[in-house]
$ cat query-v1.pdb   # PDB, C-alpha atoms
ATOM      1  CA  MET L   1      -6.115  -3.206  35.875
ATOM      2  CA  GLU L   2      -8.427  -3.351  32.849
ATOM      3  CA  VAL L   3     -11.763  -1.572  32.529
ATOM      4  CA  HIS L   4     -14.045  -2.118  29.529
ATOM      5  CA  GLN L   5     -17.320  -0.252  29.035
ATOM      6  CA  LEU L   6     -17.879  -0.133  32.785
ATOM      7  CA  SER L   7     -21.021   1.742  33.785
ATOM      8  CA  LYS L   8     -23.317   2.210  36.751
ATOM      9  CA  VAL L   9     -26.935   3.326  36.837
ATOM     10  CA  PHE L  10     -28.765   3.616  40.134
ATOM     11  CA  ARG L  11     -32.315   2.529  39.409
ATOM     12  CA  ARG L  12     -35.083   4.454  41.100
ATOM     13  CA  PRO L  13     -37.221   2.253  43.297
ATOM     14  CA  VAL L  14     -40.703   1.499  42.032
ATOM     15  CA  LYS L  15     -43.112   2.978  44.485
ATOM     16  CA  ARG L  16     -46.253   1.015  45.177
ATOM     17  CA  LYS L  17     -49.494   1.878  46.859
ATOM     18  CA  LEU L  18     -51.917  -0.554  48.373
ATOM     19  CA  GLY L  19     -55.078  -0.993  46.357
ATOM     20  CA  TRP L  20     -58.318  -2.705  47.252
ATOM     21  CA  PRO L  21     -58.208  -5.237  48.693
ATOM     22  CA  TRP L  22     -55.193  -4.193  50.780
ATOM     23  CA  ARG L  23     -53.234  -7.300  49.810
ATOM     24  CA  ARG L  24     -52.853  -6.098  46.208
ATOM     25  CA  ALA L  25     -50.040  -3.607  45.459
ATOM     26  CA  VAL L  26     -50.416  -1.233  42.502
ATOM     27  CA  PRO L  27     -47.221   0.250  40.844
ATOM     28  CA  VAL L  28     -47.042   4.036  40.830
ATOM     29  CA  ASN L  29     -45.300   5.863  37.991
ATOM     30  CA  ASP L  30     -43.005   8.479  39.562
ATOM     31  CA  SER L  31     -41.601  10.558  36.699
ATOM     32  CA  ASP L  32     -40.008  12.990  39.146
ATOM     33  CA  SER L  33     -37.408  10.387  40.206
ATOM     34  CA  PRO L  34     -35.500   9.325  37.072
ATOM     35  CA  ASP L  35     -32.728   6.766  37.083
ATOM     36  CA  LYS L  36     -29.377   8.223  38.153
ATOM     37  CA  VAL L  37     -26.526   7.578  35.737
ATOM     38  CA  ALA L  38     -23.509   7.648  38.041
ATOM     39  CA  LEU L  39     -21.043   6.409  35.440
ATOM     40  CA  HIS L  40     -21.289   6.274  31.669
ATOM     41  CA  PRO L  41     -19.353   3.452  29.929
ATOM     42  CA  ILE L  42     -15.630   4.074  30.394
ATOM     43  CA  ASN L  43     -12.475   2.274  29.262
ATOM     44  CA  PHE L  44      -8.926   2.408  30.580
ATOM     45  CA  GLU L  45      -6.003   0.174  31.461
ATOM     46  CA  ILE L  46      -3.352   0.620  34.142
ATOM     47  CA  ALA L  47      -0.088  -1.308  34.058
ATOM     48  CA  ALA L  48       1.585  -2.754  37.133
ATOM     49  CA  GLY L  49       3.720  -0.194  38.968
ATOM     50  CA  ASP L  50       2.015   2.853  37.446
ATOM     51  CA  SER L  51       0.909   5.813  39.537
ATOM     52  CA  VAL L  52      -2.351   7.240  38.195
ATOM     53  CA  ALA L  53      -4.558  10.096  39.386
ATOM     54  CA  PHE L  54      -8.315   9.781  39.002
ATOM     55  CA  ILE L  55      -9.737  13.266  39.408
ATOM     56  CA  GLY L  56     -13.005  15.083  39.033
ATOM     57  CA  PRO L  57     -15.397  17.300  40.992
ATOM     58  CA  ASN L  58     -17.696  16.003  43.689
ATOM     59  CA  GLY L  59     -20.381  13.798  42.164
ATOM     60  CA  ALA L  60     -18.333  13.101  39.034
ATOM     61  CA  GLY L  61     -18.328   9.311  39.509
ATOM     62  CA  LYS L  62     -14.949   8.769  41.197
ATOM     63  CA  SER L  63     -16.203   7.001  44.301
ATOM     64  CA  THR L  64     -18.607   4.862  42.283
ATOM     65  CA  THR L  65     -15.747   3.719  40.046
ATOM     66  CA  ILE L  66     -13.472   2.908  42.995
ATOM     67  CA  LYS L  67     -16.255   0.981  44.735
ATOM     68  CA  MET L  68     -16.702  -1.170  41.629
ATOM     69  CA  LEU L  69     -12.948  -1.707  41.244
ATOM     70  CA  THR L  70     -12.705  -2.855  44.864
ATOM     71  CA  GLY L  71     -15.800  -5.063  44.657
ATOM     72  CA  ILE L  72     -18.118  -3.016  46.863
ATOM     73  CA  LEU L  73     -20.558  -2.235  44.035
ATOM     74  CA  HIS L  74     -21.743  -4.307  41.078
ATOM     75  CA  PRO L  75     -21.727  -2.499  37.718
ATOM     76  CA  THR L  76     -24.830  -2.117  35.600
ATOM     77  CA  SER L  77     -22.891  -3.124  32.498
ATOM     78  CA  GLY L  78     -19.362  -3.642  31.280
ATOM     79  CA  ASP L  79     -16.476  -5.509  32.816
ATOM     80  CA  ALA L  80     -13.324  -4.942  34.836
ATOM     81  CA  ARG L  81     -10.324  -6.998  35.858
ATOM     82  CA  VAL L  82      -8.152  -6.055  38.825
ATOM     83  CA  LEU L  83      -5.113  -8.315  39.181
ATOM     84  CA  GLY L  84      -6.898 -10.702  36.822
ATOM     85  CA  MET L  85     -10.014 -10.908  39.021
ATOM     86  CA  ARG L  86     -13.521  -9.570  38.571
ATOM     87  CA  PRO L  87     -13.798  -7.479  41.775
ATOM     88  CA  TRP L  88     -17.499  -7.881  42.553
ATOM     89  CA  GLU L  89     -17.280 -11.663  42.110
ATOM     90  CA  GLN L  90     -13.963 -12.280  43.893
ATOM     91  CA  ARG L  91     -14.001  -9.491  46.457
ATOM     92  CA  VAL L  92     -12.577 -11.481  49.380
ATOM     93  CA  LYS L  93      -9.737 -12.941  47.339
ATOM     94  CA  LEU L  94      -8.947  -9.529  45.856
ATOM     95  CA  SER L  95      -8.896  -7.835  49.269
ATOM     96  CA  TYR L  96      -5.772  -9.803  50.218
ATOM     97  CA  ARG L  97      -3.879  -8.220  47.318
ATOM     98  CA  ILE L  98      -4.996  -4.588  47.455
ATOM     99  CA  GLY L  99      -4.764  -1.816  50.029
ATOM    100  CA  THR L 100      -7.066   1.141  50.597
ATOM    101  CA  VAL L 101      -6.612   4.453  52.389
ATOM    102  CA  PHE L 102      -9.522   6.860  52.781
ATOM    103  CA  GLY L 103      -8.620  10.287  54.105
ATOM    104  CA  GLN L 104     -11.975  10.732  55.819
ATOM    105  CA  LYS L 105     -12.536   7.160  56.973
ATOM    106  CA  SER L 106     -10.149   5.484  59.378
ATOM    107  CA  GLN L 107      -9.304   1.786  59.536
ATOM    108  CA  LEU L 108      -7.551   2.263  62.883
ATOM    109  CA  TRP L 109      -9.384   1.460  66.127
ATOM    110  CA  TYR L 110     -10.057   4.858  67.673
ATOM    111  CA  HIS L 111      -9.405   3.982  71.327
ATOM    112  CA  LEU L 112      -6.553   1.522  70.720
ATOM    113  CA  PRO L 113      -2.900   2.242  69.858
ATOM    114  CA  PRO L 114      -1.736   1.537  66.286
ATOM    115  CA  ARG L 115       0.223  -1.487  67.521
ATOM    116  CA  ASP L 116      -3.013  -3.297  68.388
ATOM    117  CA  THR L 117      -4.667  -2.437  65.085
ATOM    118  CA  PHE L 118      -1.601  -3.572  63.164
ATOM    119  CA  GLU L 119      -1.608  -6.901  64.995
ATOM    120  CA  LEU L 120      -5.301  -7.396  64.249
ATOM    121  CA  MET L 121      -4.762  -6.563  60.577
ATOM    122  CA  GLY L 122      -1.849  -8.973  60.417
ATOM    123  CA  ARG L 123      -4.105 -11.757  61.656
ATOM    124  CA  ILE L 124      -6.930 -10.789  59.283
ATOM    125  CA  TYR L 125      -4.516 -11.034  56.346
ATOM    126  CA  GLY L 126      -3.157 -14.350  57.601
ATOM    127  CA  LEU L 127       0.428 -13.236  58.170
ATOM    128  CA  SER L 128       2.608 -15.521  60.254
ATOM    129  CA  ASN L 129       3.981 -14.026  63.468
ATOM    130  CA  ALA L 130       7.481 -13.845  62.014
ATOM    131  CA  ASP L 131       6.357 -12.210  58.757
ATOM    132  CA  TYR L 132       4.105  -9.795  60.610
ATOM    133  CA  ARG L 133       6.825  -8.615  63.009
ATOM    134  CA  LEU L 134       9.365  -8.247  60.194
ATOM    135  CA  ARG L 135       6.991  -6.207  58.047
ATOM    136  CA  ARG L 136       5.698  -4.146  60.975
ATOM    137  CA  ASP L 137       9.188  -3.200  62.124
ATOM    138  CA  GLU L 138      10.158  -2.302  58.561
ATOM    139  CA  LEU L 139       7.151   0.020  58.179
ATOM    140  CA  VAL L 140       7.545   1.521  61.647
ATOM    141  CA  ASP L 141      11.100   2.447  60.752
ATOM    142  CA  ARG L 142      10.239   3.737  57.277
ATOM    143  CA  PHE L 143       7.294   5.855  58.495
ATOM    144  CA  SER L 144       8.983   6.928  61.780
ATOM    145  CA  LEU L 145       6.130   5.504  63.852
ATOM    146  CA  GLY L 146       8.138   4.340  66.877
ATOM    147  CA  PRO L 147       6.918   7.016  69.338
ATOM    148  CA  LEU L 148       3.310   6.596  68.126
ATOM    149  CA  MET L 149       2.831   2.843  68.286
ATOM    150  CA  ASP L 150       1.563   2.730  71.886
ATOM    151  CA  THR L 151      -0.448   5.963  71.822
ATOM    152  CA  PRO L 152      -4.240   5.652  71.445
ATOM    153  CA  VAL L 153      -5.292   6.759  67.973
ATOM    154  CA  ARG L 154      -7.660   9.377  69.455
ATOM    155  CA  LYS L 155      -4.608  11.223  70.812
ATOM    156  CA  LEU L 156      -2.719  11.316  67.489
ATOM    157  CA  SER L 157      -2.702  14.334  65.215
ATOM    158  CA  LEU L 158      -4.273  13.975  61.780
ATOM    159  CA  GLY L 159      -0.853  13.776  60.136
ATOM    160  CA  GLU L 160       0.331  11.097  62.566
ATOM    161  CA  ARG L 161      -2.856   9.119  62.018
ATOM    162  CA  MET L 162      -2.478   9.246  58.236
ATOM    163  CA  ARG L 163       1.070   7.916  58.483
ATOM    164  CA  CYS L 164      -0.269   5.010  60.533
ATOM    165  CA  GLU L 165      -3.142   4.497  58.065
ATOM    166  CA  ILE L 166      -0.811   4.219  55.073
ATOM    167  CA  ALA L 167       1.643   1.997  56.952
ATOM    168  CA  GLY L 168      -1.224  -0.280  57.995
ATOM    169  CA  SER L 169      -2.438  -0.583  54.429
ATOM    170  CA  PHE L 170       1.015  -1.899  53.444
ATOM    171  CA  LEU L 171       1.271  -4.606  56.108
ATOM    172  CA  HIS L 172       0.193  -7.384  53.732
ATOM    173  CA  ARG L 173       2.334  -6.081  50.819
ATOM    174  CA  PRO L 174      -0.527  -5.105  48.483
ATOM    175  CA  GLU L 175       0.063  -4.924  44.755
ATOM    176  CA  ILE L 176      -2.384  -2.036  44.246
ATOM    177  CA  LEU L 177      -3.043   0.850  46.619
ATOM    178  CA  PHE L 178      -6.276   2.839  46.305
ATOM    179  CA  LEU L 179      -5.866   6.284  47.881
ATOM    180  CA  ASP L 180      -8.877   8.531  48.387
ATOM    181  CA  GLU L 181      -7.874  12.051  49.499
ATOM    182  CA  PRO L 182      -4.864  10.868  51.547
ATOM    183  CA  THR L 183      -3.685  14.411  52.368
ATOM    184  CA  ILE L 184      -7.037  16.063  53.114
ATOM    185  CA  GLY L 185      -6.881  18.400  56.103
ATOM    186  CA  LEU L 186      -3.107  18.129  56.528
ATOM    187  CA  ASP L 187      -0.709  21.054  56.733
ATOM    188  CA  VAL L 188       1.818  21.725  53.971
ATOM    189  CA  VAL L 189       4.781  20.063  55.685
ATOM    190  CA  VAL L 190       2.887  16.889  56.591
ATOM    191  CA  LYS L 191       1.389  16.692  53.084
ATOM    192  CA  GLN L 192       4.869  16.736  51.581
ATOM    193  CA  HIS L 193       6.016  13.990  53.945
ATOM    194  CA  ILE L 194       3.023  11.784  53.078
ATOM    195  CA  ARG L 195       3.670  12.287  49.361
ATOM    196  CA  GLU L 196       7.310  11.261  49.759
ATOM    197  CA  LEU L 197       6.286   8.087  51.588
ATOM    198  CA  ILE L 198       3.786   7.128  48.889
ATOM    199  CA  ARG L 199       6.233   7.949  46.114
ATOM    200  CA  ASN L 200       8.979   5.840  47.709
ATOM    201  CA  LEU L 201       6.670   2.859  48.157
ATOM    202  CA  ASN L 202       5.622   3.114  44.531
ATOM    203  CA  ARG L 203       9.229   3.220  43.349
ATOM    204  CA  ASN L 204      10.818   0.769  45.772
ATOM    205  CA  GLU L 205       8.111  -1.873  46.004
ATOM    206  CA  GLY L 206       6.501  -1.444  42.597
ATOM    207  CA  VAL L 207       3.062  -0.835  44.100
ATOM    208  CA  THR L 208       0.459   0.437  41.638
ATOM    209  CA  VAL L 209      -1.079   3.665  42.969
ATOM    210  CA  PHE L 210      -4.621   4.740  42.088
ATOM    211  CA  LEU L 211      -5.143   8.186  43.605
ATOM    212  CA  THR L 212      -8.156  10.451  43.909
ATOM    213  CA  SER L 213      -7.497  13.930  45.240
ATOM    214  CA  HIS L 214      -8.657  17.522  44.934
ATOM    215  CA  ASP L 215      -5.146  18.684  45.783
ATOM    216  CA  ALA L 216      -3.342  19.700  42.597
ATOM    217  CA  THR L 217       0.068  19.135  44.192
ATOM    218  CA  ASP L 218      -0.837  15.527  45.008
ATOM    219  CA  VAL L 219      -1.574  14.921  41.340
ATOM    220  CA  GLU L 220       1.491  16.771  40.095
ATOM    221  CA  SER L 221       4.010  15.215  42.479
ATOM    222  CA  LEU L 222       2.748  11.619  42.622
ATOM    223  CA  CYS L 223       1.272  10.770  39.234
ATOM    224  CA  GLY L 224       2.601  10.747  35.704
ATOM    225  CA  ARG L 225      -0.804   9.963  34.245
ATOM    226  CA  VAL L 226      -4.230  11.463  34.873
ATOM    227  CA  LEU L 227      -7.779  10.261  34.261
ATOM    228  CA  VAL L 228     -10.296  13.121  34.361
ATOM    229  CA  ILE L 229     -13.947  12.300  34.970
ATOM    230  CA  ASN L 230     -16.971  14.585  35.125
ATOM    231  CA  HIS L 231     -20.696  13.906  35.000
ATOM    232  CA  GLY L 232     -19.880  10.206  34.880
ATOM    233  CA  GLN L 233     -17.885  10.539  31.662
ATOM    234  CA  LEU L 234     -14.151  10.107  31.107
ATOM    235  CA  LEU L 235     -12.939  13.360  29.574
ATOM    236  CA  PHE L 236      -9.200  12.806  29.460
ATOM    237  CA  ASP L 237      -6.669  10.000  29.780
ATOM    238  CA  GLY L 238      -3.057  10.948  29.298
ATOM    239  CA  ALA L 239       0.176  12.297  30.713
ATOM    240  CA  THR L 240      -0.133  14.913  33.436
ATOM    241  CA  ASN L 241       1.684  17.548  31.404
ATOM    242  CA  GLN L 242      -0.703  17.025  28.473
ATOM    243  CA  MET L 243      -3.547  18.409  30.547
ATOM    244  CA  VAL L 244      -2.192  21.893  29.884
ATOM    245  CA  GLU L 245      -2.499  21.446  26.137
ATOM    246  CA  ARG L 246      -5.883  19.768  26.377
ATOM    247  CA  PHE L 247      -7.774  21.980  28.803
ATOM    248  CA  LEU L 248      -6.050  25.362  29.068
ATOM    249  CA  HIS L 249      -4.651  26.986  25.955
ATOM    250  CA  PHE L 250      -3.499  30.271  27.444
ATOM    251  CA  LYS L 251       0.057  31.117  28.403
ATOM    252  CA  GLU L 252       1.553  34.303  29.756
ATOM    253  CA  VAL L 253       4.610  35.872  28.133
ATOM    254  CA  HIS L 254       6.593  38.370  30.223
ATOM    255  CA  LEU L 255       9.155  40.473  28.362
ATOM    256  CA  GLN L 256      11.818  42.841  29.646
ATOM    257  CA  VAL L 257      13.147  45.035  26.848
ATOM    258  CA  ALA L 258      15.477  47.999  26.512
ATOM    259  CA  ASP L 259      13.412  49.801  23.868
ATOM    260  CA  GLY L 260       9.773  49.269  24.791
ATOM    261  CA  PRO L 261       6.894  49.298  24.901
ATOM    262  CA  VAL L 262       6.233  46.219  22.788
ATOM    263  CA  TRP L 263       3.184  46.156  20.535
ATOM    264  CA  PHE L 264       2.124  42.961  18.796
ATOM    265  CA  ALA L 265      -1.272  42.354  17.226
ATOM    266  CA  ALA L 266      -2.404  38.849  16.338
ATOM    267  CA  PRO L 267      -5.463  36.653  16.923
ATOM    268  CA  GLY L 268      -5.625  35.418  20.501
ATOM    269  CA  VAL L 269      -2.904  37.792  21.764
ATOM    270  CA  GLU L 270      -3.876  40.296  24.454
ATOM    271  CA  VAL L 271      -1.606  42.862  26.089
ATOM    272  CA  GLN L 272      -1.945  42.537  29.859
ATOM    273  CA  SER L 273       0.394  45.353  30.851
ATOM    274  CA  SER L 274       2.895  47.586  29.089
ATOM    275  CA  SER L 275       5.665  50.017  29.980
ATOM    276  CA  PRO L 276       8.902  51.197  28.332
ATOM    277  CA  THR L 277      10.799  48.278  29.897
ATOM    278  CA  PHE L 278       8.197  45.575  30.573
ATOM    279  CA  THR L 279       5.326  44.035  28.607
ATOM    280  CA  SER L 280       3.162  41.009  29.340
ATOM    281  CA  PHE L 281       0.937  39.183  26.876
ATOM    282  CA  LEU L 282      -1.780  36.571  27.359
ATOM    283  CA  VAL L 283      -1.550  34.237  24.373
ATOM    284  CA  ASP L 284      -4.101  31.716  23.170
ATOM    285  CA  VAL L 285      -1.718  29.174  21.633
ATOM    286  CA  THR L 286      -4.504  27.579  19.581
ATOM    287  CA  GLN L 287      -4.701  30.815  17.571
ATOM    288  CA  THR L 288      -1.148  32.142  17.670
ATOM    289  CA  PRO L 289       1.912  30.031  18.524
ATOM    290  CA  ILE L 290       4.231  31.343  21.220
ATOM    291  CA  GLU L 291       7.096  31.026  18.738
ATOM    292  CA  ARG L 292       5.500  33.657  16.491
ATOM    293  CA  VAL L 293       5.265  36.137  19.361
ATOM    294  CA  LEU L 294       8.861  35.561  20.419
ATOM    295  CA  SER L 295      10.143  35.717  16.840
ATOM    296  CA  TYR L 296       8.579  39.132  16.339
ATOM    297  CA  VAL L 297       9.842  40.523  19.652
ATOM    298  CA  LEU L 298      13.403  39.251  19.169
ATOM    299  CA  LYS L 299      13.476  40.712  15.678
ATOM    300  CA  HIS L 300      12.223  44.200  16.569
ATOM    301  CA  HIS L 301      13.392  44.764  20.149
ATOM    302  CA  GLN L 302      16.429  44.458  22.403
ATOM    303  CA  VAL L 303      15.236  41.737  24.749
ATOM    304  CA  ARG L 304      16.796  41.458  28.206
ATOM    305  CA  ASP L 305      14.638  38.683  29.627
ATOM    306  CA  VAL L 306      11.787  36.399  28.568
ATOM    307  CA  ARG L 307       9.518  34.365  30.826
ATOM    308  CA  ILE L 308       6.784  32.016  29.627
ATOM    309  CA  ILE L 309       4.374  31.093  32.402
ATOM    310  CA  GLU L 310       2.342  27.908  32.044
ATOM    311  CA  PRO L 311      -1.011  27.525  33.829
ATOM    312  CA  SER L 312      -0.607  25.845  37.203
ATOM    313  CA  MET L 313      -2.049  22.395  37.835
ATOM    314  CA  GLU L 314      -4.539  24.008  40.193
ATOM    315  CA  GLU L 315      -5.769  26.321  37.430
ATOM    316  CA  ILE L 316      -6.104  23.407  35.029
ATOM    317  CA  ILE L 317      -8.120  21.322  37.468
ATOM    318  CA  ARG L 318     -10.316  24.295  38.337
ATOM    319  CA  ALA L 319     -10.985  24.870  34.632
ATOM    320  CA  ILE L 320     -11.960  21.232  34.176
ATOM    321  CA  TYR L 321     -14.268  21.235  37.175
ATOM    322  CA  THR L 322     -16.036  24.420  36.093
ATOM    323  CA  GLU L 323     -16.034  23.297  32.441
ATOM    324  CA  GLU L 324     -14.179  26.420  31.333
ATOM    325  CA  TYR L 325     -12.736  24.747  28.250
ATOM    326  CA  PRO L 326     -13.865  24.286  24.642
ATOM    327  CA  VAL L 327     -16.402  21.520  24.058
ATOM    328  CA  ALA L 328     -14.211  20.216  21.235
ATOM    329  CA  GLN L 329     -11.598  19.283  23.803
ATOM    330  CA  LYS L 330     -13.867  16.796  25.587
ATOM    331  CA  GLN L 331     -12.178  13.748  24.171
ATOM    332  CA  VAL L 332     -10.252  10.840  25.570
ATOM    333  CA  GLY L 333      -6.674   9.882  24.851
ATOM    334  CA  PRO L 334      -3.487  11.730  24.014
ATOM    335  CA  GLU L 335      -2.938  13.504  20.723
TER     336      GLU L 335
END
$ encode --input "query-v1.pdb" --output "structure tokens"
Amino acid sequence: MEVHQLSKVFRRPVKRKLGWPWRRAVPVNDSDSPDKVALHPINFEIAAGDSVAFIGPNGAGKSTTIKMLTGILHPTSGDARVLGMRPWEQRVKLSYRIGTVFGQKSQLWYHLPPRDTFELMGRIYGLSNADYRLRRDELVDRFSLGPLMDTPVRKLSLGERMRCEIAGSFLHRPEILFLDEPTIGLDVVVKQHIRELIRNLNRNEGVTVFLTSHDATDVESLCGRVLVINHGQLLFDGATNQMVERFLHFKEVHLQVADGPVWFAAPGVEVQSSSPTFTSFLVDVTQTPIERVLSYVLKHHQVRDVRIIEPSMEEIIRAIYTEEYPVAQKQVGPE
């Protein structure tokens, strides 16, 4: 997948009023309805077999980008190639080689059992009867769908339906899978099961995964790379673990000592709690390295235990969404 300067602007419609005579239309300047820039020019590439998260708050431009990459929308400018094809020009051809799963939009027929939907999808994708049955049985076994295949979709739980949705999207052996909130509304156990299924398909079949999700665990457990978008601009493109360094610079240091309390003064270091045996610091690593704090403590105190707590993925994503990070960090690409 290759994206070059891709952008989308939704033009405001030109309102017209009828003049005299009524057949003549007069344009009306409506300054209260400016053009909506949904996506500023962005660039990124995704190699075959990668698993990439595309995250951002509501209205950031995620859905617009996915719709252009799947051929639903035409861009205002720029270009993109998905499996060597320009999506909005070769949408039908591309659809035979990609799969999509939308957590809030089902592709299963509501009143029919999954078996019927699978058979219909097999025919839509032009699978022979032999290939269809072989692939269906393989997916039914892998996703443990046997007891569900003849139950109307309306009677399935959300977790059972999502398993059927993902299995259905793999019937035609897609090379790229677009996942939009695949675990939304699911309980913790079912979420973990869905993640394992996606992860196994990515590893075993080499399927490229392009995931959007507000669930930090989805991002952390499924994707080694993250694209962060907000206000239509790409803020970050890099390894998942680099998001800590890029967006949150604070770490907690918990110390258990035999001869406390511990006092250490340096820029960006704040004592959170202190007692004769335990001290915790909040350290801004852009001002004072963790190593300097530990070096001082080990030199002046009898240390029994040290714990360094990194910000959780959820905290990082929340900081990005609320823009609680330095403006200087709004840049794209790894260090």
$ residues_near_point --input "query-v1.pdb" --point "(-3.9, 21.3, 39.1)" --cutoff "8 Å" --atoms "only C-alpha atoms" --output "PyMOL selection string"
chain L and resi 215-217+219-220+312-318
$ resolve_selection --input "query-v1.pdb" --expression "the PyMOL selection byres ((chain L and resi 114) around 10)" --output "mmCIF file with C-alpha atoms, keeping the file's coordinate frame"
data_model
loop_
_atom_site.group_PDB
_atom_site.id
_atom_site.type_symbol
_atom_site.label_atom_id
_atom_site.label_comp_id
_atom_site.auth_asym_id
_atom_site.auth_seq_id
_atom_site.Cartn_x
_atom_site.Cartn_y
_atom_site.Cartn_z
ATOM 1 C CA LEU L 108 -7.551 2.263 62.883
ATOM 2 C CA TRP L 109 -9.384 1.460 66.127
ATOM 3 C CA TYR L 110 -10.057 4.858 67.673
ATOM 4 C CA HIS L 111 -9.405 3.982 71.327
ATOM 5 C CA LEU L 112 -6.553 1.522 70.720
ATOM 6 C CA PRO L 113 -2.900 2.242 69.858
ATOM 7 C CA ARG L 115 0.223 -1.487 67.521
ATOM 8 C CA ASP L 116 -3.013 -3.297 68.388
ATOM 9 C CA THR L 117 -4.667 -2.437 65.085
ATOM 10 C CA PHE L 118 -1.601 -3.572 63.164
ATOM 11 C CA GLU L 119 -1.608 -6.901 64.995
ATOM 12 C CA LEU L 120 -5.301 -7.396 64.249
ATOM 13 C CA LEU L 145 6.130 5.504 63.852
ATOM 14 C CA LEU L 148 3.310 6.596 68.126
ATOM 15 C CA MET L 149 2.831 2.843 68.286
ATOM 16 C CA ASP L 150 1.563 2.730 71.886
ATOM 17 C CA THR L 151 -0.448 5.963 71.822
ATOM 18 C CA PRO L 152 -4.240 5.652 71.445
ATOM 19 C CA VAL L 153 -5.292 6.759 67.973
ATOM 20 C CA LEU L 156 -2.719 11.316 67.489
ATOM 21 C CA ARG L 161 -2.856 9.119 62.018
ATOM 22 C CA CYS L 164 -0.269 5.010 60.533
ATOM 23 C CA GLU L 165 -3.142 4.497 58.065
ATOM 24 C CA ALA L 167 1.643 1.997 56.952
ATOM 25 C CA GLY L 168 -1.224 -0.280 57.995
#
$ closest_residue --input "query-v1.pdb" --among "L:Phe102, L:Asp259, L:Ser274, L:Ala130" --to "Ser213 in chain L" --atoms "all atoms listed in the file"
L:Phe102
$ closest_residue --input "query-v1.pdb" --among "L:Met162, L:Leu6, L:Leu171, L:Leu127" --to "Leu73 in chain L" --atoms "all atoms listed in the file"
L:Leu6
$ atom_distance --input "query-v1.pdb" --atom1 "CA of Gln242 in chain L" --atom2 "CA of Arg225 in chain L"
9.1 Å
$ atom_distance --input "query-v1.pdb" --atom1 "CA of Arg136 in chain L" --atom2 "CA of His172 in chain L"
9.7 Å
